[in-house]
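A.B. asks: Before we start, here is the structure in question, set down as structure tokens.
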Amino acid sequence: APRILQHLTRRHVDLNRDSSVAVRAVYGQWFPWLVLLDAQWAAAQKSHIFSVAPEQVHLRDAAWETYIIFCQPYDKVFDILKDEYGWAIERIGSQTVDHRHLRDPNQRLAEHILELYWRGKLALDESGGLLDQFYAKADDAIRGHAIDFVGRSLMNSEGEVSAQIIDRLKALWEHRVTTAQTALSPTEFTKELSAFGWWFASGKFELNWALSQLKVVLDLVQKVEPDHIVVERLAGITESHPLDAVYCLNAMLLGVKKGWRIMALRDEARTILEKALESIDPEARTTAEELINRLGARGYWEFGDLLK
């Protein structure tokens, strides 16, 4: 390994010998493995691989974009590249996405930032920290992708998620909700807030907390994604939480602007309404009846037989 690294230093890292964009891209993609071979060497060569010279920004882009797209956010690598993350965050929205990439570098950056946060490498209460910088720069689409990524990761996690991670995620989410609630226009947070559907559907959070946050989202933006998976989970909890389930269904269906979406959710919606009508909670029964009547007024008669 020392001989290989010495060769790389002499022949390819030195920009006076090799200023190829392709070589910088290879260095970026394999940078974590260079850290694994010799972290001290990798740290020493960082400024050459991720060149800070203004006239060499295309080389820095090549190294960074292949790194962020192909690599996972390893702790030791992050410790070396922390400044690069800050540089990339500052450039969010300032460059056009190159569709030749397999992935959007800004979306992958969002994924790295959120994963580093839930692992404890970034702090929510650090003013001016990387997480703070990310949310100051990212638009609704990128923020929405970040929340979506966390939810999908939770959905794909087998077994229980550690209480520490759950607590960190809950703190982040509540902070984002507060930010949206105090904003001049909560609709500027539609994609971010609606992506909570993945969190709710994952089943990783305490049910009462998840339901309360789902209702907040629906009250603010009248939308949640993915709606079909959310409705499936609501159907599964209607017997224990009939009023909450029918309340959320009501907000979801009345917020739908395309009729075919209501038809796509028909089977699960019918299950929720039927169970709510059978519940011992009079408010749940009344809310279900009112929703059926509202849907009928809009031309959806498929649920009318439940009232007989």
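In the structure tokens, chains take letters A, B, ... by order of appearance, with residues numbered from 1 within each chain and ligands from 1 in the order shown.
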If we count only C-alpha atoms, what is near stretch 143-148 of chain A at a cut-off of 6 Å, once residues fewer than 4 positions away on the same chain are taken out, given as number ranges by chain?
C.D. replies: A: 110-111, 191-192, 195
A.B. asks: Need the shell around A:Glu274: protein/DNA/RNA residues with any atom at most 12 Å away, counting only C-alpha atoms. Skip same-chain ones fewer than 3 positions apart. Format as a ChimeraX atom specification?
C.D. replies: /A:235,238-239,242,245-246,266-271,277-279,284-285,287-289,291-292,303-308
A.B. asks: Using only C-alpha atoms, determine which residues lie at most 10 Å from A:Arg294, disregarding the query and same-chain residues fewer than 5 positions distant; provide the list as a ChimeraX atom specification.
C.D. replies: /A:250,253-254,288-289,299-301
A.B. asks: Mind writing the picked residues with C-alpha atoms as a JSON list (two decimals), in the first residue's frame?
C.D. replies:
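Output file out20.json follows:
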[["chain", "number", "residue", "atom", "x", "y", "z"],
["A", 250, "ASN", "CA", -61.09, 12.78, 5.42],
["A", 253, "LEU", "CA", -59.53, 12.54, 0.25],
["A", 254, "LEU", "CA", -60.85, 16.07, 0.40],
["A", 288, "ALA", "CA", -67.30, 8.70, 8.85],
["A", 289, "GLU", "CA", -70.92, 9.45, 7.94],
["A", 299, "GLY", "CA", -70.08, 12.13, -7.28],
["A", 300, "TYR", "CA", -68.44, 9.21, -5.51],
["A", 301, "TRP", "CA", -71.33, 6.96, -4.55]]
A.B. asks: With distances taken over only C-alpha atoms, which residue among A:Leu81, A:His175, A:Ala251, A:Phe196 lies nearest A:Ala44?
C.D. replies: A:Leu81
A.B. asks: Among stretch 182-237 of chain A, which ones does DSSP place in helix (DSSP H, G or I), written as a ChimeraX atom specification?
C.D. replies: /A:186-194,196-202,207-221,227-237
